[in-house]
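Trainee: Pasting a structure here, questions to come.
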Amino acid sequence: MTELIRGFFGQLFEKELISEIEQVAEIRVFEEGEILIDIGQYIRSMPLLLDGAVKIMREDPDEGELLLYFLEKGDTCAMTLACCMGDKQSEIRAIAENPSTVAMIPVEKMEAWLGKFKSWRSFVFNSYNNRLAEMLRAIDNLAFLKMDERLLKYLQENAKINQSKTIYKTHQEIAYELNTSRVVVSRLLKAFENEGKIKLNRNNIDLLKT
């Protein structure tokens with residue numbers, strides 16, 4: 001796992017910081033669908049995604065869950081950072097979109113490195129900015145896009161995250177993540193197929209146009 005840390009962060013962080021990460025990080029492997037962080041959980045360590053992809057979900061007790069954004073290799077979650085810093089309960093659920101490897105950094109080290117390493121400060125601030133931009137895009141999608149546009153963006157993002165134009169999601173799973181009904185998703189997917197944008201298969205969806 002040392003190779004994963006050095007391979008991605010070697011050009012980003014100082015050698016001393018890389019060495020400290022290797023000493024304190026707990027490397028964990030999550031299977032597809034496994035929960036990394038759950039709503040209501042107190043977070044004692046911060047995840048750095050070394051490989052794979054993680055989806056960040058927001059829950060409403062009455063309306064279900066909503067996909068906020070994806071984390072990719074080299075990312076961390078801004079909402080997790082906020083919870084770590086403020087010793088608050090998590091307000092998001094992080095789920096492995098595909099098999100993922102994560103370096104868990106103890107919160108006390110994360111805080112110490114902010115004052116010690118310029119590269120770490122830049123990484124944390126950039127992470128905040130990137131996740132905020134993604135959440136704003138998610139809000140824009142909800143506020144300004146019709147469901148067919150949201151669904152198409154969802155398919156395109158899923159293909160990008162998984163580096164495959166074949167999307168292994170059921171209609172119900174898609175509906176759950178977009179906070180809509182399976183009937184609506186199935187109807188729109190069929191319309192996309194008629195327009196030549198996708199091909200519906202028994203267990204997956206092929207994205208034909210991006």
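By order of appearance in the structure tokens: chains A, B, ..., then residues from 1 within every chain, and ligands from 1 in the order shown.
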Please report as a tab-separated table every residue of stretch 14-72 of chain A lying within 7 Å of stretch 107-110 of chain A, along with the nearest atom pair and their distance in Å (one decimal), using only C-alpha atoms.
Mentor:
residue	atom	partner	partner_atom	distance
A:Arg44	CA	A:Val107	CA	5.6
A:Ser45	CA	A:Val107	CA	4.8
A:Met46	CA	A:Val107	CA	6.3
Trainee: Can I get the selection written as a JSON list (two decimals), in the first residue's frame, with N, CA and C atoms?
Mentor:
[["chain", "number", "residue", "atom", "x", "y", "z"],
["A", 44, "ARG", "N", -13.43, 9.85, 13.58],
["A", 44, "ARG", "CA", -12.15, 10.00, 14.27],
["A", 44, "ARG", "C", -10.97, 9.99, 13.31],
["A", 45, "SER", "N", -11.24, 9.75, 12.03],
["A", 45, "SER", "CA", -10.16, 9.76, 11.04],
["A", 45, "SER", "C", -10.72, 10.24, 9.71],
["A", 46, "MET", "N", -9.84, 10.78, 8.88],
["A", 46, "MET", "CA", -10.23, 11.34, 7.60],
["A", 46, "MET", "C", -9.80, 10.42, 6.47]]
Trainee: Would you tabulate, counting only C-alpha atoms, all residues of stretch 160-187 of chain A that have an atom at most 12 Å from an atom of stretch 86-101 of chain A, showing the closest pair of atoms and their distance in Å to one decimal, sorted by chain then ascending number, as JSON lines?
Mentor:
{"residue": "A:Ile161", "atom": "CA", "partner": "A:Glu97", "partner_atom": "CA", "distance": 8.7}
{"residue": "A:Asn162", "atom": "CA", "partner": "A:Asn98", "partner_atom": "CA", "distance": 7.7}
{"residue": "A:Gln163", "atom": "CA", "partner": "A:Asn98", "partner_atom": "CA", "distance": 11.1}
{"residue": "A:Ile167", "atom": "CA", "partner": "A:Glu97", "partner_atom": "CA", "distance": 11.5}
{"residue": "A:Tyr168", "atom": "CA", "partner": "A:Asn98", "partner_atom": "CA", "distance": 10.6}
{"residue": "A:Lys169", "atom": "CA", "partner": "A:Glu97", "partner_atom": "CA", "distance": 10.7}
{"residue": "A:Glu173", "atom": "CA", "partner": "A:Glu97", "partner_atom": "CA", "distance": 12.0}
{"residue": "A:Glu177", "atom": "CA", "partner": "A:Ile95", "partner_atom": "CA", "distance": 11.6}
Trainee: Given the selection you just returned, output its residues as a file containing N, CA and C atoms, formatted as an mmCIF file, in the first residue's frame.
Mentor:
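The resulting file, selection.cif, is reproduced below:
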data_model
loop_
_atom_site.group_PDB
_atom_site.id
_atom_site.type_symbol
_atom_site.label_atom_id
_atom_site.label_comp_id
_atom_site.auth_asym_id
_atom_site.auth_seq_id
_atom_site.Cartn_x
_atom_site.Cartn_y
_atom_site.Cartn_z
ATOM 1 N N ILE A 161 -16.863 7.940 -13.688
ATOM 2 C CA ILE A 161 -16.306 7.459 -12.437
ATOM 3 C C ILE A 161 -15.801 6.024 -12.576
ATOM 4 N N ASN A 162 -16.578 5.189 -13.248
ATOM 5 C CA ASN A 162 -16.231 3.778 -13.375
ATOM 6 C C ASN A 162 -15.400 3.464 -14.618
ATOM 7 N N GLN A 163 -15.106 4.505 -15.410
ATOM 8 C CA GLN A 163 -14.293 4.368 -16.617
ATOM 9 C C GLN A 163 -14.834 3.282 -17.539
ATOM 10 N N ILE A 167 -23.088 0.653 -17.598
ATOM 11 C CA ILE A 167 -23.484 1.047 -16.251
ATOM 12 C C ILE A 167 -24.269 -0.093 -15.612
ATOM 13 N N TYR A 168 -23.725 -0.638 -14.546
ATOM 14 C CA TYR A 168 -24.340 -1.773 -13.865
ATOM 15 C C TYR A 168 -25.206 -1.272 -12.707
ATOM 16 N N LYS A 169 -26.342 -0.714 -13.056
ATOM 17 C CA LYS A 169 -27.297 -0.204 -12.077
ATOM 18 C C LYS A 169 -28.694 -0.657 -12.472
ATOM 19 N N GLU A 173 -32.161 1.247 -8.325
ATOM 20 C CA GLU A 173 -30.987 1.872 -7.715
ATOM 21 C C GLU A 173 -30.801 3.297 -8.223
ATOM 22 N N GLU A 177 -30.991 6.879 -5.979
ATOM 23 C CA GLU A 177 -29.929 7.875 -5.884
ATOM 24 C C GLU A 177 -30.362 9.235 -6.416
#
Trainee: Have a look at atom CA of A:Tyr42 and atom CA of A:Leu136 and let me know their distance in Å, one decimal.
Mentor: 25.2 Å
Trainee: Could you give me, as JSON lines, a per-residue list for stretch 95-190 of chain A showing, wherever an atom lies at most 12 Å from an atom of stretch 4-15 of chain A, the closest pair of atoms and their distance in Å to one decimal, using only C-alpha atoms and sorting by chain then residue number from low to high?
Mentor:
{"residue": "A:Ser100", "atom": "CA", "partner": "A:Leu4", "partner_atom": "CA", "distance": 12.0}
{"residue": "A:Thr101", "atom": "CA", "partner": "A:Leu4", "partner_atom": "CA", "distance": 9.1}
{"residue": "A:Val102", "atom": "CA", "partner": "A:Ile5", "partner_atom": "CA", "distance": 9.8}
{"residue": "A:Ala103", "atom": "CA", "partner": "A:Ile5", "partner_atom": "CA", "distance": 8.2}
{"residue": "A:Met104", "atom": "CA", "partner": "A:Ile5", "partner_atom": "CA", "distance": 11.6}
{"residue": "A:Trp113", "atom": "CA", "partner": "A:Phe13", "partner_atom": "CA", "distance": 11.1}
{"residue": "A:Lys116", "atom": "CA", "partner": "A:Glu14", "partner_atom": "CA", "distance": 10.7}
{"residue": "A:Phe117", "atom": "CA", "partner": "A:Glu14", "partner_atom": "CA", "distance": 7.7}
{"residue": "A:Lys118", "atom": "CA", "partner": "A:Phe13", "partner_atom": "CA", "distance": 8.6}
{"residue": "A:Ser119", "atom": "CA", "partner": "A:Phe13", "partner_atom": "CA", "distance": 5.5}
{"residue": "A:Trp120", "atom": "CA", "partner": "A:Phe13", "partner_atom": "CA", "distance": 6.9}
{"residue": "A:Arg121", "atom": "CA", "partner": "A:Phe13", "partner_atom": "CA", "distance": 10.2}
{"residue": "A:Ser122", "atom": "CA", "partner": "A:Leu12", "partner_atom": "CA", "distance": 9.7}
{"residue": "A:Phe123", "atom": "CA", "partner": "A:Leu12", "partner_atom": "CA", "distance": 8.4}
{"residue": "A:Val124", "atom": "CA", "partner": "A:Phe13", "partner_atom": "CA", "distance": 11.8}
Trainee: Would you mind listing what lies within 10 Å of A:Pro106 as a PyMOL selection string, with only C-alpha atoms counted and same-chain residues fewer than 5 positions away left out?
Mentor: chain A and resi 21+24-26+43-47+84+111
Trainee: Would you mind telling me which residue in A:Ile37, A:Met147, A:Ile18, A:Leu49 lies nearest to A:Leu188 when using only C-alpha atoms?
Mentor: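 Of A:Ile37, A:Met147, A:Ile18, A:Leu49, the one nearest A:Leu188, counting only C-alpha atoms, is A:Met147.
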Trainee: Which residue gives the smallest distance to A:Leu17 among A:Ala112, A:Asn204, A:Gly52, A:Thr180, with only C-alpha atoms counted?
Mentor: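 Looking only at the distances to A:Leu17, the closest residue turns out to be A:Ala112.
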Trainee: Can you build me a table of stretch 131-163 of chain A residues sitting at most 8 Å from stretch 69-80 of chain A, with the closest atom pair per residue and its distance in Å to one decimal, using only C-alpha atoms, sorted by chain and residue number, as a tab-separated table?
Mentor:
residue	atom	partner	partner_atom	distance
A:Arg131	CA	A:Ala78	CA	6.0
A:Leu132	CA	A:Ala78	CA	7.7
A:Glu134	CA	A:Tyr69	CA	6.3
A:Met135	CA	A:Tyr69	CA	6.8
A:Ala138	CA	A:Tyr69	CA	7.3
A:Ile161	CA	A:Glu72	CA	7.1
Trainee: For the residues in the current selection, export C-alpha atoms as a short mmCIF file (atom, residue, chain, number, x, y, z; two decimals), in the first residue's frame.
Mentor:
data_model
loop_
_atom_site.label_atom_id
_atom_site.label_comp_id
_atom_site.auth_asym_id
_atom_site.auth_seq_id
_atom_site.Cartn_x
_atom_site.Cartn_y
_atom_site.Cartn_z
CA ARG A 131 -16.50 19.52 -2.91
CA LEU A 132 -18.35 22.84 -2.48
CA GLU A 134 -19.75 19.79 -6.70
CA MET A 135 -22.48 20.36 -4.11
CA ALA A 138 -25.92 19.12 -7.38
CA ILE A 161 -16.31 7.46 -12.44
#
Trainee: From stretch 9-159 of chain A, collect each residue whose DSSP state is helix (DSSP H, G or I) and return the set as number ranges by chain.
Mentor: A: 9, 15-24, 78-86, 107-116, 118-144, 147-159
Trainee: Looking at only C-alpha atoms, which of A:Glu59, A:Ala53, A:Lys153, A:Leu81 is the one that sits closest to A:Leu114?
Mentor: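 Once distances to A:Leu114 are computed over only C-alpha atoms, the minimum belongs to A:Leu81.
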Trainee: Atom CA of A:Arg150 and atom CA of A:Ser164 are how many Å apart?
Mentor: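 Computing it gives 19.2 Å between the two atoms.
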Trainee: Report, in Å with one decimal, the straight-line distance from atom CA of A:Lys209 to atom CA of A:Gly196.
Mentor: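 These atoms are spaced 7.7 Å apart.
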